file upload_36.pdb (PDB, C-alpha atoms)
MODEL        1
ATOM      1  CA  MET Y   1      20.209   1.424   2.633
ATOM      2  CA  THR Y   2      18.475   4.412   1.115
ATOM      3  CA  ALA Y   3      14.720   4.667   0.839
ATOM      4  CA  GLU Y   4      14.949   4.135  -2.914
ATOM      5  CA  LEU Y   5      16.733   0.811  -2.450
ATOM      6  CA  VAL Y   6      14.132  -0.345   0.067
ATOM      7  CA  VAL Y   7      11.270   0.568  -2.278
ATOM      8  CA  PHE Y   8      13.056  -1.176  -5.151
ATOM      9  CA  PHE Y   9      13.474  -4.409  -3.196
ATOM     10  CA  ALA Y  10       9.870  -4.318  -2.005
ATOM     11  CA  LEU Y  11       8.537  -3.867  -5.540
ATOM     12  CA  ALA Y  12      10.972  -6.421  -6.981
ATOM     13  CA  ALA Y  13       9.973  -9.004  -4.370
ATOM     14  CA  LEU Y  14       6.317  -8.321  -5.165
ATOM     15  CA  ALA Y  15       6.950  -8.762  -8.905
ATOM     16  CA  VAL Y  16       8.868 -12.022  -8.470
ATOM     17  CA  ALA Y  17       6.259 -13.353  -6.018
ATOM     18  CA  GLY Y  18       3.520 -12.561  -8.537
ATOM     19  CA  ALA Y  19       5.441 -14.260 -11.358
ATOM     20  CA  VAL Y  20       6.124 -17.398  -9.280
ATOM     21  CA  SER Y  21       2.475 -17.466  -8.266
ATOM     22  CA  LEU Y  22       1.467 -17.219 -11.941
ATOM     23  CA  ILE Y  23       3.388 -20.389 -12.724
ATOM     24  CA  LEU Y  24       2.411 -22.335  -9.630
ATOM     25  CA  GLN Y  25      -1.338 -21.621  -9.504
ATOM     26  CA  ARG Y  26      -3.642 -24.240 -10.936
ATOM     27  CA  HIS Y  27      -6.662 -22.149 -11.892
ATOM     28  CA  PRO Y  28      -6.070 -19.642 -14.739
ATOM     29  CA  ILE Y  29      -8.036 -16.918 -12.963
ATOM     30  CA  HIS Y  30      -5.548 -17.008 -10.087
ATOM     31  CA  SER Y  31      -2.738 -16.769 -12.626
ATOM     32  CA  ALA Y  32      -4.450 -13.736 -14.188
ATOM     33  CA  LEU Y  33      -4.716 -12.002 -10.821
ATOM     34  CA  SER Y  34      -1.043 -12.777 -10.124
ATOM     35  CA  LEU Y  35      -0.135 -11.220 -13.462
ATOM     36  CA  ILE Y  36      -2.052  -8.082 -12.513
ATOM     37  CA  VAL Y  37       0.027  -7.928  -9.316
ATOM     38  CA  VAL Y  38       3.208  -8.228 -11.421
ATOM     39  CA  MET Y  39       2.060  -5.408 -13.683
ATOM     40  CA  ALA Y  40       1.242  -3.135 -10.760
ATOM     41  CA  ALA Y  41       4.679  -3.813  -9.247
ATOM     42  CA  LEU Y  42       6.309  -3.043 -12.598
ATOM     43  CA  ALA Y  43       4.370   0.228 -12.820
ATOM     44  CA  GLY Y  44       5.814   1.142  -9.434
ATOM     45  CA  LEU Y  45       9.298   0.290 -10.720
ATOM     46  CA  TYR Y  46       8.756   2.508 -13.759
ATOM     47  CA  LEU Y  47       7.833   5.358 -11.412
ATOM     48  CA  LEU Y  48      11.057   4.664  -9.494
ATOM     49  CA  LEU Y  49      12.926   4.939 -12.810
ATOM     50  CA  GLU Y  50      11.260   8.317 -13.393
ATOM     51  CA  ALA Y  51       9.294   7.067 -16.425
ATOM     52  CA  GLU Y  52       5.890   8.456 -15.483
ATOM     53  CA  PHE Y  53       4.342   8.175 -18.937
ATOM     54  CA  VAL Y  54       5.242   4.494 -19.232
ATOM     55  CA  ALA Y  55       3.924   3.809 -15.729
ATOM     56  CA  ALA Y  56       0.580   5.435 -16.561
ATOM     57  CA  ILE Y  57       0.340   3.575 -19.894
ATOM     58  CA  GLN Y  58       1.174   0.299 -18.127
ATOM     59  CA  ILE Y  59      -1.667   0.717 -15.644
ATOM     60  CA  ILE Y  60      -4.219   2.026 -18.126
ATOM     61  CA  VAL Y  61      -3.523  -0.240 -21.103
ATOM     62  CA  TYR Y  62      -1.800  -3.348 -19.771
ATOM     63  CA  ALA Y  63      -3.419  -3.860 -16.374
ATOM     64  CA  GLY Y  64      -6.627  -2.049 -17.207
ATOM     65  CA  ALA Y  65      -7.461  -3.332 -20.684
ATOM     66  CA  ILE Y  66      -5.403  -6.387 -21.622
ATOM     67  CA  MET Y  67      -5.762  -8.164 -18.279
ATOM     68  CA  VAL Y  68      -9.472  -7.361 -18.171
ATOM     69  CA  LEU Y  69      -9.723  -8.963 -21.609
ATOM     70  CA  PHE Y  70      -7.958 -12.044 -20.248
ATOM     71  CA  VAL Y  71     -10.325 -12.256 -17.286
ATOM     72  CA  PHE Y  72     -13.345 -11.914 -19.574
ATOM     73  CA  VAL Y  73     -12.099 -14.700 -21.837
ATOM     74  CA  ILE Y  74     -11.422 -16.953 -18.827
ATOM     75  CA  MET Y  75     -14.981 -16.320 -17.704
ATOM     76  CA  LEU Y  76     -16.362 -16.845 -21.221
ATOM     77  CA  LEU Y  77     -14.566 -20.144 -21.787
ATOM     78  CA  ASN Y  78     -15.360 -21.435 -18.300
ATOM     79  CA  ALA Y  79     -11.735 -22.375 -17.769
ATOM     80  CA  GLY Y  80     -11.373 -24.828 -14.955
ATOM     81  CA  VAL Y  81      -8.680 -26.106 -12.687
ATOM     82  CA  GLU Y  82      -5.722 -27.599 -14.487
ATOM     83  CA  GLU Y  83      -4.397 -31.025 -13.577
ATOM     84  CA  ARG Y  84      -1.109 -31.110 -11.710
ATOM     85  CA  THR Y  85       1.735 -31.193 -14.244
ATOM     86  CA  GLN Y  86       4.409 -33.763 -13.527
ATOM     87  CA  LEU Y  87       7.840 -32.319 -14.134
ATOM     88  CA  SER Y  88      10.102 -34.885 -15.719
ATOM     89  CA  SER Y  89      12.923 -35.970 -13.426
ATOM     90  CA  MET Y  90      15.475 -34.402 -15.765
ATOM     91  CA  ALA Y  91      13.717 -31.056 -15.375
ATOM     92  CA  ARG Y  92      13.369 -31.320 -11.649
ATOM     93  CA  TYR Y  93      16.844 -32.534 -10.668
ATOM     94  CA  ALA Y  94      19.014 -31.087 -13.413
ATOM     95  CA  GLY Y  95      17.000 -28.224 -14.843
ATOM     96  CA  VAL Y  96      16.134 -26.202 -11.745
ATOM     97  CA  PRO Y  97      19.659 -26.220 -10.171
ATOM     98  CA  LEU Y  98      21.247 -25.437 -13.538
ATOM     99  CA  THR Y  99      18.831 -22.536 -13.971
ATOM    100  CA  GLY Y 100      20.009 -21.213 -10.618
ATOM    101  CA  VAL Y 101      23.635 -21.489 -11.745
ATOM    102  CA  LEU Y 102      22.793 -19.698 -15.005
ATOM    103  CA  LEU Y 103      21.079 -16.913 -13.087
ATOM    104  CA  VAL Y 104      24.098 -16.431 -10.806
ATOM    105  CA  VAL Y 105      26.542 -16.328 -13.729
ATOM    106  CA  LEU Y 106      24.326 -13.887 -15.656
ATOM    107  CA  THR Y 107      23.930 -11.645 -12.601
ATOM    108  CA  PHE Y 108      27.677 -11.510 -12.120
ATOM    109  CA  HIS Y 109      28.395 -10.578 -15.717
ATOM    110  CA  VAL Y 110      25.539  -8.072 -16.000
ATOM    111  CA  ALA Y 111      26.583  -6.352 -12.782
ATOM    112  CA  ARG Y 112      30.187  -6.137 -13.890
ATOM    113  CA  ALA Y 113      29.317  -4.847 -17.359
ATOM    114  CA  SER Y 114      26.879  -2.172 -16.283
ATOM    115  CA  ALA Y 115      28.792  -0.990 -13.214
ATOM    116  CA  ALA Y 116      30.029   2.007 -15.174
ATOM    117  CA  MET Y 117      26.535   3.107 -16.157
ATOM    118  CA  THR Y 118      25.406   5.662 -13.637
ATOM    119  CA  ALA Y 119      22.410   7.774 -14.448
ATOM    120  CA  ALA Y 120      22.590  11.525 -14.144
ATOM    121  CA  PRO Y 121      19.821  13.087 -12.059
ATOM    122  CA  LEU Y 122      16.933  14.318 -14.182
ATOM    123  CA  THR Y 123      16.034  17.957 -14.314
ATOM    124  CA  GLU Y 124      12.798  17.974 -16.299
ATOM    125  CA  GLY Y 125       9.869  15.695 -16.973
ATOM    126  CA  MET Y 126      10.193  12.757 -19.309
ATOM    127  CA  THR Y 127       6.684  12.912 -20.757
ATOM    128  CA  HIS Y 128       7.473  16.034 -22.726
ATOM    129  CA  LYS Y 129      10.541  14.395 -24.273
ATOM    130  CA  VAL Y 130       8.613  11.210 -25.030
ATOM    131  CA  ALA Y 131       5.923  13.235 -26.774
ATOM    132  CA  LEU Y 132       8.532  15.094 -28.841
ATOM    133  CA  LEU Y 133      10.162  11.838 -29.944
ATOM    134  CA  LEU Y 134       6.892  10.076 -30.583
ATOM    135  CA  PHE Y 135       5.384  12.743 -32.795
ATOM    136  CA  GLN Y 136       8.531  13.868 -34.601
ATOM    137  CA  ASP Y 137      11.069  11.065 -35.048
ATOM    138  CA  PHE Y 138       8.714   8.134 -34.587
ATOM    139  CA  ALA Y 139       5.640   9.607 -36.257
ATOM    140  CA  PHE Y 140       5.533   7.008 -39.015
ATOM    141  CA  PRO Y 141       5.658   3.951 -36.688
ATOM    142  CA  PHE Y 142       3.069   5.697 -34.548
ATOM    143  CA  GLU Y 143       0.648   5.930 -37.464
ATOM    144  CA  LEU Y 144       1.439   2.329 -38.386
ATOM    145  CA  THR Y 145       0.447   1.164 -34.907
ATOM    146  CA  SER Y 146      -2.962   2.767 -35.367
ATOM    147  CA  ILE Y 147      -3.405   0.681 -38.532
ATOM    148  CA  LEU Y 148      -2.181  -2.358 -36.579
ATOM    149  CA  ILE Y 149      -4.840  -1.785 -33.932
ATOM    150  CA  LEU Y 150      -7.487  -1.452 -36.635
ATOM    151  CA  VAL Y 151      -6.400  -4.746 -38.195
ATOM    152  CA  ALA Y 152      -6.375  -6.459 -34.790
ATOM    153  CA  LEU Y 153      -9.870  -5.125 -34.092
ATOM    154  CA  LEU Y 154     -11.167  -6.505 -37.380
ATOM    155  CA  GLY Y 155      -9.407  -9.814 -36.849
ATOM    156  CA  ALA Y 156     -10.718 -10.322 -33.334
ATOM    157  CA  THR Y 157     -14.278  -9.439 -34.432
ATOM    158  CA  VAL Y 158     -14.198 -11.875 -37.347
ATOM    159  CA  LEU Y 159     -12.627 -14.649 -35.274
ATOM    160  CA  ALA Y 160     -15.016 -14.490 -32.356
ATOM    161  CA  LYS Y 161     -18.173 -14.341 -34.448
ATOM    162  CA  ARG Y 162     -20.321 -17.428 -34.440
ATOM    163  CA  ASP Y 163     -21.021 -19.063 -37.780
ATOM    164  CA  SER Y 164     -24.545 -17.901 -38.582
TER
ATOM    165  CA  MET E   1      20.469   5.515  -6.458
ATOM    166  CA  VAL E   2      19.681   1.972  -7.436
ATOM    167  CA  PRO E   3      22.284   0.514  -9.841
ATOM    168  CA  ILE E   4      20.857  -0.302 -13.235
ATOM    169  CA  SER E   5      22.114  -3.883 -13.021
ATOM    170  CA  PHE E   6      19.502  -4.571 -10.311
ATOM    171  CA  TYR E   7      16.739  -3.760 -12.780
ATOM    172  CA  LEU E   8      18.376  -5.882 -15.470
ATOM    173  CA  VAL E   9      18.689  -8.886 -13.183
ATOM    174  CA  LEU E  10      15.046  -8.509 -12.147
ATOM    175  CA  SER E  11      14.099  -8.343 -15.832
ATOM    176  CA  ALA E  12      16.087 -11.527 -16.509
ATOM    177  CA  VAL E  13      14.441 -13.337 -13.588
ATOM    178  CA  LEU E  14      10.946 -12.340 -14.733
ATOM    179  CA  PHE E  15      11.763 -13.368 -18.297
ATOM    180  CA  GLY E  16      13.042 -16.752 -17.121
ATOM    181  CA  LEU E  17       9.878 -17.300 -15.080
ATOM    182  CA  GLY E  18       7.822 -16.413 -18.156
ATOM    183  CA  VAL E  19       9.722 -18.970 -20.217
ATOM    184  CA  ALA E  20       9.193 -21.594 -17.504
ATOM    185  CA  GLY E  21       5.461 -20.908 -17.521
ATOM    186  CA  PHE E  22       5.361 -21.029 -21.312
ATOM    187  CA  VAL E  23       7.089 -24.407 -21.446
ATOM    188  CA  PHE E  24       5.521 -26.203 -18.511
ATOM    189  CA  LYS E  25       1.905 -25.073 -18.270
ATOM    190  CA  ARG E  26      -0.840 -26.931 -20.101
ATOM    191  CA  ASN E  27      -3.688 -24.451 -20.058
ATOM    192  CA  ILE E  28      -3.461 -22.282 -23.140
ATOM    193  CA  LEU E  29      -4.576 -19.155 -21.294
ATOM    194  CA  THR E  30      -1.764 -19.557 -18.764
ATOM    195  CA  VAL E  31       0.675 -19.987 -21.654
ATOM    196  CA  PHE E  32      -0.593 -16.699 -23.073
ATOM    197  CA  MET E  33      -0.141 -14.990 -19.739
ATOM    198  CA  SER E  34       3.451 -16.239 -19.578
ATOM    199  CA  ILE E  35       4.040 -14.572 -22.940
ATOM    200  CA  GLU E  36       2.710 -11.306 -21.509
ATOM    201  CA  LEU E  37       5.045 -11.744 -18.528
ATOM    202  CA  MET E  38       7.996 -12.075 -20.903
ATOM    203  CA  LEU E  39       6.962  -8.894 -22.701
ATOM    204  CA  ASN E  40       6.727  -7.061 -19.392
ATOM    205  CA  ALA E  41      10.225  -8.211 -18.434
ATOM    206  CA  VAL E  42      11.581  -6.832 -21.703
ATOM    207  CA  ASN E  43       9.762  -3.544 -21.080
ATOM    208  CA  LEU E  44      11.509  -3.220 -17.729
ATOM    209  CA  ALA E  45      14.898  -3.734 -19.379
ATOM    210  CA  PHE E  46      14.052  -1.075 -21.995
ATOM    211  CA  VAL E  47      13.042   1.497 -19.381
ATOM    212  CA  ALA E  48      16.083   0.720 -17.202
ATOM    213  CA  PHE E  49      18.457   1.286 -20.115
ATOM    214  CA  SER E  50      16.591   4.414 -21.142
ATOM    215  CA  ARG E  51      17.181   5.813 -17.665
ATOM    216  CA  ALA E  52      20.815   4.727 -17.565
ATOM    217  CA  LEU E  53      21.695   6.273 -20.917
ATOM    218  CA  GLY E  54      19.648   9.407 -20.371
ATOM    219  CA  GLN E  55      17.663   9.022 -23.595
ATOM    220  CA  VAL E  56      13.929   8.516 -23.870
ATOM    221  CA  ASP E  57      14.064   6.242 -26.922
ATOM    222  CA  GLY E  58      13.634   3.247 -24.636
ATOM    223  CA  GLN E  59      10.344   4.599 -23.331
ATOM    224  CA  VAL E  60       9.054   5.179 -26.885
ATOM    225  CA  PHE E  61       9.950   1.557 -27.645
ATOM    226  CA  VAL E  62       8.039   0.458 -24.553
ATOM    227  CA  PHE E  63       5.013   2.388 -25.859
ATOM    228  CA  PHE E  64       5.197   0.425 -29.112
ATOM    229  CA  VAL E  65       5.711  -2.882 -27.317
ATOM    230  CA  ILE E  66       2.596  -2.268 -25.207
ATOM    231  CA  VAL E  67       0.531  -1.373 -28.277
ATOM    232  CA  VAL E  68       1.675  -4.473 -30.160
ATOM    233  CA  ALA E  69       1.058  -6.631 -27.080
ATOM    234  CA  ALA E  70      -2.500  -5.295 -26.901
ATOM    235  CA  ALA E  71      -3.133  -6.113 -30.577
ATOM    236  CA  GLU E  72      -1.557  -9.546 -30.164
ATOM    237  CA  ALA E  73      -3.591 -10.308 -27.050
ATOM    238  CA  ALA E  74      -6.826  -9.377 -28.805
ATOM    239  CA  VAL E  75      -6.195 -11.541 -31.865
ATOM    240  CA  GLY E  76      -4.630 -14.373 -29.847
ATOM    241  CA  LEU E  77      -7.588 -14.575 -27.484
ATOM    242  CA  GLY E  78      -9.917 -14.585 -30.497
ATOM    243  CA  ILE E  79      -8.020 -17.601 -31.811
ATOM    244  CA  VAL E  80      -8.196 -19.260 -28.376
ATOM    245  CA  ILE E  81     -11.973 -18.793 -28.334
ATOM    246  CA  VAL E  82     -12.347 -20.415 -31.765
ATOM    247  CA  VAL E  83     -10.048 -23.316 -30.864
ATOM    248  CA  ALA E  84     -11.799 -23.896 -27.532
ATOM    249  CA  ARG E  85     -15.135 -23.879 -29.318
ATOM    250  CA  ASN E  86     -13.966 -26.500 -31.821
ATOM    251  CA  ARG E  87     -11.868 -28.795 -29.606
ATOM    252  CA  GLN E  88     -13.951 -28.320 -26.446
ATOM    253  CA  SER E  89     -10.761 -28.224 -24.406
ATOM    254  CA  LEU E  90      -8.196 -25.679 -23.223
ATOM    255  CA  ASN E  91      -5.430 -28.247 -22.870
ATOM    256  CA  VAL E  92      -2.548 -27.590 -25.246
ATOM    257  CA  GLU E  93      -1.857 -31.300 -25.492
ATOM    258  CA  ARG E  94      -5.298 -31.881 -27.027
ATOM    259  CA  ILE E  95      -4.719 -29.303 -29.771
ATOM    260  CA  ASN E  96      -2.418 -31.589 -31.723
ATOM    261  CA  LEU E  97      -4.039 -32.101 -35.126
ATOM    262  CA  LEU E  98      -0.934 -30.778 -36.897
ATOM    263  CA  LYS E  99       1.343 -33.241 -35.094
ATOM    264  CA  LEU E 100       3.107 -35.803 -37.227
TER
ENDMDL
END
call {"tool": "encode", "arguments": {"input": "upload_36.pdb", "output": "structure tokens"}}
result
Amino acid sequence: MTAELVVFFALAALAVAGAVSLILQRHPIHSALSLIVVMAALAGLYLLLEAEFVAAIQIIVYAGAIMVLFVFVIMLLNAGVEERTQLSSMARYAGVPLTGVLLVVLTFHVARASAAMTAAPLTEGMTHKVALLLFQDFAFPFELTSILILVALLGATVLAKRDS
Amino acid sequence: MVPISFYLVLSAVLFGLGVAGFVFKRNILTVFMSIELMLNAVNLAFVAFSRALGQVDGQVFVFFVIVVAAAEAAVGLGIVIVVARNRQSLNVERINLLKL
């Protein structure tokens, strides 16, 4: 039981607890806070996978901008408590156990298929390599995403404007 | 060294929970957050494979997924604001004008 395995299980348990809490909470603001917990746990997992750039981007953009946007919209729309959803009996008695069976079968096959994949230890930082790829091989998609952001900005501004 | 399959199983579990939230929840904002959860699960799978294969292409893909998710969240929440203003409700079962 190495330290890395312990940290992985702690972060994984935190992520799954946050995801289950997102589904089970009745008020959307509690779901938003649970999603922030999931994103923080995933950032920790990215750090464990030695992807520092992705972990930083996850915290800054995903947890720091997108989730803040969600919280603002929840506040703006005055979202209230949702009524308790009644799961149909088919979903409750057949769906949930079958999902468990599916998960077990998938886990078995994924573990068997990727048992041969062992990662070599890294010698240098990943951010430098990511930057090289991003600005050389993926330069065109990178510029396209800036146009995408511009279009999304315009769209969100037009949509949220009141008819004057 | 944590085997890569652990990360993949965690990604599958998170994705399944996102699908469950997407199908069963009635508040449209919670449905949106389940979509973001699914995207995060896919990001984890990308980064895990990038580490296992020793290439950084997976992390560049994650960068693009995060950017597209940000754009989609902005426009999607704009649409939610307009719909909530018109229908006065955040219940997905009330937004059914296109239903046959």
call {"tool": "interface_residues", "arguments": {"input": "upload_36.pdb", "of": "chain E", "to": "chain Y", "cutoff": "6 Å", "atoms": "only C-alpha atoms", "output": "ChimeraX atom specification"}}
result
/E:2,5,9,21,30,52,71,75,78
call {"tool": "atom_distance", "arguments": {"input": "upload_36.pdb", "atom1": "atom CA of Val92 of chain E", "atom2": "atom CA of Ile28 of chain E"}}
result
5.8 Å
call {"tool": "axis_aligned_box", "arguments": {"input": "upload_36.pdb", "around": "segment 24-29 of chain E", "padding_each_side": "3 Å", "output": "JSON"}}
result
{"center_x": 0.5, "center_y": -23.0, "center_z": -20.7, "size_x": 16.1, "size_y": 13.8, "size_z": 10.9}
call {"tool": "atom_distance", "arguments": {"input": "upload_36.pdb", "atom1": "atom CA of Arg26 of chain E", "atom2": "atom CA of Glu93 of chain E"}}
result
7.0 Å
call {"tool": "residues_around", "arguments": {"input": "upload_36.pdb", "residues": "Gln59 of chain E", "least_positions_apart": "5", "cutoff": "7 Å", "atoms": "all atoms listed in the file", "output": "ChimeraX atom specification"}}
result
/Y:54 /E:46-47,50
call {"tool": "atom_distance", "arguments": {"input": "upload_36.pdb", "atom1": "atom CA of Ala20 of chain E", "atom2": "atom CA of Ser21 of chain Y"}}
result
12.1 Å
call {"tool": "closest_residue", "arguments": {"input": "upload_36.pdb", "among": "E:Val67, E:Val31, E:Ala74, E:Ala48", "to": "Asn91 of chain E", "atoms": "all atoms listed in the file"}}
result
E:Val31
call {"tool": "closest_residue", "arguments": {"input": "upload_36.pdb", "among": "E:Pro3, E:Gly54, E:Asn40, E:Phe15", "to": "Ala40 of chain Y", "atoms": "all atoms listed in the file"}}
result
E:Asn40
